[in-house]
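Here's target-v9.csv, which has CSV, C-alpha atoms:
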```
chain,number,residue,atom,x,y,z
A,12,MET,CA,-18.6,24.0,9.4
A,13,ALA,CA,-17.0,26.2,6.8
A,14,SER,CA,-17.4,25.7,3.1
A,15,ASN,CA,-14.3,24.8,1.1
A,16,HIS,CA,-13.2,25.7,-2.4
A,17,SER,CA,-15.3,23.0,-4.1
A,18,GLY,CA,-18.6,24.1,-2.6
A,19,VAL,CA,-18.9,20.9,-0.4
A,20,SER,CA,-19.5,21.7,3.2
A,21,GLY,CA,-17.6,19.8,5.9
A,22,GLU,CA,-14.1,19.4,7.1
A,23,ARG,CA,-13.1,17.1,4.2
A,24,ALA,CA,-14.4,17.3,0.7
A,25,ILE,CA,-14.2,14.3,-1.6
A,26,ARG,CA,-11.7,15.3,-4.3
A,27,PRO,CA,-10.2,13.3,-7.2
A,28,PRO,CA,-6.9,11.7,-6.5
A,29,ALA,CA,-3.8,13.9,-7.2
A,30,GLY,CA,-2.8,11.5,-10.0
A,31,GLN,CA,-5.8,12.3,-12.0
A,32,ALA,CA,-5.0,16.1,-11.8
A,33,VAL,CA,-1.5,15.4,-13.1
A,34,LEU,CA,-2.8,13.2,-15.9
A,35,ALA,CA,-5.3,15.8,-16.9
A,36,LEU,CA,-2.5,18.4,-17.3
A,37,ALA,CA,-0.2,15.9,-19.1
A,38,TYR,CA,-3.0,14.8,-21.4
A,39,GLY,CA,-3.1,18.2,-23.2
A,40,GLY,CA,0.6,18.0,-24.0
A,41,ALA,CA,0.4,14.4,-25.3
A,42,LEU,CA,-2.8,14.6,-27.4
A,43,HIS,CA,-0.8,14.0,-30.6
A,44,ARG,CA,0.3,10.6,-29.2
A,45,VAL,CA,-3.2,9.2,-28.6
A,46,LEU,CA,-3.8,7.9,-32.1
A,47,PRO,CA,-0.4,6.1,-32.5
A,48,ILE,CA,-0.8,4.5,-29.1
A,49,THR,CA,-4.4,3.5,-29.8
A,50,MET,CA,-3.4,1.9,-33.2
A,51,SER,CA,-0.6,0.0,-31.4
A,52,ILE,CA,-3.1,-1.4,-29.0
A,53,VAL,CA,-5.5,-2.4,-31.8
A,54,VAL,CA,-2.6,-4.2,-33.6
A,55,LEU,CA,-1.7,-6.1,-30.5
A,56,LEU,CA,-5.3,-7.1,-29.9
A,57,ALA,CA,-5.6,-8.3,-33.6
A,58,ILE,CA,-2.4,-10.4,-33.1
A,59,SER,CA,-3.8,-11.9,-29.9
A,60,VAL,CA,-7.1,-12.7,-31.6
A,61,PHE,CA,-5.3,-14.3,-34.6
A,62,SER,CA,-3.1,-16.3,-32.2
A,63,TYR,CA,-6.0,-17.5,-30.0
A,64,ARG,CA,-7.9,-18.6,-33.1
A,65,GLN,CA,-4.9,-20.7,-34.2
A,66,VAL,CA,-4.7,-22.3,-30.8
A,67,ILE,CA,-8.4,-23.1,-30.8
A,68,ASP,CA,-8.2,-24.7,-34.2
A,69,ALA,CA,-5.1,-26.8,-33.2
A,70,TYR,CA,-6.5,-27.7,-29.7
A,71,PRO,CA,-10.3,-28.0,-30.0
A,72,GLY,CA,-10.4,-29.9,-26.7
A,73,GLY,CA,-8.7,-27.0,-24.9
A,74,GLY,CA,-5.1,-26.2,-24.5
A,75,GLY,CA,-3.4,-24.0,-21.9
A,76,ALA,CA,-0.2,-22.1,-22.2
A,77,TYR,CA,1.8,-25.1,-20.8
A,78,ALA,CA,0.3,-27.7,-23.2
A,79,VAL,CA,0.6,-25.5,-26.3
A,80,THR,CA,4.2,-24.5,-25.5
A,81,LYS,CA,5.2,-28.0,-24.6
A,82,ASP,CA,3.9,-29.4,-28.0
A,83,ASN,CA,5.4,-26.6,-30.0
A,84,PHE,CA,8.6,-25.6,-28.2
A,85,GLY,CA,9.5,-28.4,-25.8
A,86,PRO,CA,9.4,-28.9,-22.1
A,87,ARG,CA,11.9,-26.2,-21.1
A,88,ALA,CA,9.9,-23.5,-22.8
A,89,SER,CA,6.7,-24.8,-21.4
A,90,LEU,CA,8.0,-24.3,-17.8
A,91,LEU,CA,8.6,-20.7,-18.6
A,92,ALA,CA,5.0,-20.4,-19.9
A,93,ALA,CA,3.7,-22.1,-16.8
A,94,ALA,CA,5.7,-19.9,-14.5
A,95,SER,CA,4.5,-16.8,-16.3
A,96,VAL,CA,0.9,-17.9,-15.9
A,97,VAL,CA,1.5,-18.5,-12.1
A,98,VAL,CA,3.0,-15.0,-11.8
A,99,ASP,CA,0.1,-13.5,-13.8
A,100,TYR,CA,-2.5,-15.1,-11.5
A,101,THR,CA,-0.6,-14.0,-8.4
A,102,LEU,CA,-0.2,-10.5,-9.6
A,103,THR,CA,-3.9,-10.3,-10.7
A,104,VAL,CA,-5.0,-11.2,-7.2
A,105,ALA,CA,-2.4,-8.9,-5.6
A,106,VAL,CA,-3.4,-5.9,-7.7
A,107,SER,CA,-7.1,-6.5,-7.2
A,108,ILE,CA,-6.7,-6.7,-3.5
A,109,ALA,CA,-4.5,-3.6,-3.4
A,110,ALA,CA,-7.1,-1.7,-5.4
A,111,GLY,CA,-10.0,-2.9,-3.3
A,112,VAL,CA,-8.2,-2.1,0.0
A,113,GLY,CA,-7.1,1.3,-1.5
A,114,ALA,CA,-10.8,2.1,-2.2
A,115,LEU,CA,-11.8,0.8,1.2
A,116,THR,CA,-9.3,2.9,3.0
A,117,SER,CA,-10.1,5.9,0.8
A,118,ALA,CA,-13.8,5.6,1.8
A,119,PHE,CA,-12.9,4.9,5.5
A,120,PRO,CA,-9.7,6.9,6.3
A,121,ASN,CA,-9.6,5.5,9.9
A,122,LEU,CA,-8.7,2.1,8.3
A,123,SER,CA,-5.6,3.5,6.6
A,124,SER,CA,-3.3,2.3,9.4
A,125,ALA,CA,-4.6,-1.3,8.9
A,126,THR,CA,-4.0,-1.4,5.2
A,127,VAL,CA,-1.4,-4.3,5.3
A,128,PRO,CA,-3.4,-6.5,7.7
A,129,ILE,CA,-6.6,-6.0,5.5
A,130,CYS,CA,-4.6,-6.9,2.4
A,131,LEU,CA,-3.3,-10.0,4.1
A,132,ALA,CA,-6.7,-11.0,5.5
A,133,SER,CA,-8.6,-10.6,2.2
A,134,PRO,CA,-7.5,-13.8,0.5
A,135,ARG,CA,-8.1,-15.7,3.7
A,136,ALA,CA,-11.7,-14.3,4.0
A,137,VAL,CA,-12.4,-15.3,0.4
A,138,ALA,CA,-11.0,-18.8,0.9
A,139,VAL,CA,-13.1,-19.3,4.1
A,140,TYR,CA,-16.2,-18.0,2.3
A,141,VAL,CA,-15.6,-20.5,-0.6
A,142,ALA,CA,-15.0,-23.3,1.9
A,143,VAL,CA,-18.3,-22.5,3.8
A,144,GLU,CA,-20.2,-22.6,0.5
A,145,THR,CA,-18.9,-26.1,-0.4
A,146,ASP,CA,-19.3,-29.5,1.1
A,147,ASP,CA,-17.1,-30.9,3.9
A,148,THR,CA,-16.8,-27.4,5.4
A,149,ASP,CA,-15.1,-28.3,8.7
A,150,SER,CA,-12.1,-30.1,7.2
A,151,ARG,CA,-11.7,-27.5,4.5
A,152,ILE,CA,-11.7,-24.7,7.0
A,153,ARG,CA,-9.2,-26.6,9.2
A,154,GLN,CA,-7.0,-27.2,6.1
A,155,LEU,CA,-7.2,-23.5,5.2
A,156,GLN,CA,-6.4,-22.5,8.8
A,157,ASP,CA,-3.3,-24.8,8.8
A,158,GLN,CA,-2.2,-23.3,5.4
A,159,TRP,CA,-2.7,-19.8,6.7
A,160,ASP,CA,-0.8,-20.5,9.9
A,161,GLN,CA,2.1,-21.9,7.9
A,162,TRP,CA,2.2,-18.9,5.6
A,163,ASP,CA,1.8,-16.5,8.6
A,164,GLN,CA,4.7,-18.1,10.3
A,165,TRP,CA,6.9,-17.9,7.2
A,166,TYR,CA,5.9,-14.2,6.7
A,167,ARG,CA,6.5,-13.2,10.2
A,168,SER,CA,9.9,-14.9,10.3
A,169,ARG,CA,11.0,-12.9,7.3
A,170,CYS,CA,9.4,-9.6,8.1
A,171,CYS,CA,10.2,-9.3,11.7
A,172,VAL,CA,6.6,-9.1,12.8
A,173,PRO,CA,5.8,-9.9,16.4
A,174,SER,CA,3.6,-13.0,16.7
A,175,THR,CA,1.7,-14.8,19.5
A,176,HIS,CA,1.9,-18.5,19.9
A,177,ARG,CA,-1.4,-20.2,19.9
A,178,SER,CA,-2.9,-23.6,19.4
A,179,PRO,CA,-3.5,-24.6,15.8
A,180,HIS,CA,-7.2,-25.2,16.4
A,181,PRO,CA,-9.7,-24.2,19.1
A,182,GLY,CA,-9.9,-26.8,21.7
A,183,SER,CA,-6.5,-28.2,21.0
A,184,THR,CA,-4.3,-28.9,24.0
A,185,THR,CA,-0.9,-28.3,22.2
A,186,SER,CA,-0.6,-24.7,23.1
A,187,THR,CA,3.1,-23.7,23.4
A,188,SER,CA,2.8,-20.5,25.3
A,189,ASP,CA,0.5,-18.2,27.3
A,190,GLU,CA,0.0,-15.8,24.4
A,191,THR,CA,3.3,-13.9,24.8
A,192,PRO,CA,4.5,-11.9,21.8
A,193,THR,CA,7.8,-12.9,20.4
A,194,MET,CA,10.0,-11.8,17.6
A,195,SER,CA,10.8,-14.5,15.1
A,196,ARG,CA,14.3,-13.4,14.1
A,197,SER,CA,16.9,-12.3,16.5
A,198,SER,CA,18.3,-9.7,14.0
A,199,CYS,CA,15.2,-7.6,14.1
```

Would you write the structure of this file as structure tokens?
Amino acid sequence: MASNHSGVSGERAIRPPAGQAVLALAYGGALHRVLPITMSIVVLLAISVFSYRQVIDAYPGGGGAYAVTKDNFGPRASLLAAASVVVDYTLTVAVSIAAGVGALTSAFPNLSSATVPICLASPRAVAVYVAVETDDTDSRIRQLQDQWDQWDQWYRSRCCVPSTHRSPHPGSTTSTSDETPTMSRSSC
């Protein structure tokens, strides 16, 4: 095995992502902007702390975005606050999963072709783990399986992914097919 430019022997060396190299070059040219950006972040954090302290004083028993907005701005504005919280929670999970799977496929390059299935299976694996750790495990896992199957069916119908028909639960006699792949939309 030959040695590469970084002094690490082997066919592949572990190198920083290309984005970091670009950022390192750009950082030198933008050094004068660091202080104003930092001060802007500090001001936004101070506003957030002040705002949260006011909410805590006004709602000592606890008040979420929906409750606070409904009391202060009315029900229509509270729906916007609730929707933004739902989007925030969804994007938090999506970004976390994408980052985790990105790190996993970076560490194990052979998994890179399975990136999307791993991303889709990750929330399911966490949900099953949580169900196993709680009481009434069998019904919770069955409920999660049903919810997953409904989501999977919806996803496959919109993304033109071949699916196999199977029974909803092991041991069920309602199998619709003999495991033949089908396309869900005729336009695919």

Quick one: of A:Ala136, A:Leu42, A:Cys130, A:Leu90, who's nearest to Gly113 in chain A, counting all atoms listed in the file? A:Cys130

What is the distance, in Å and to one decimal place, between CA of Ala37 in chain A and CA of Thr49 in chain A?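 Distance reported for this atom pair: 16.9 Å.
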
Computed interatomic separation between CA of Gln154 in chain A and CA of Pro134 in chain A (Å):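 According to the coordinates, CA of Gln154 in chain A and CA of Pro134 in chain A are separated by 14.5 Å.
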
Do you have the CA of Ala32 in chain A-CA of Ser124 in chain A distance handy?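 According to the coordinates, CA of Ala32 in chain A and CA of Ser124 in chain A are separated by 25.4 Å.
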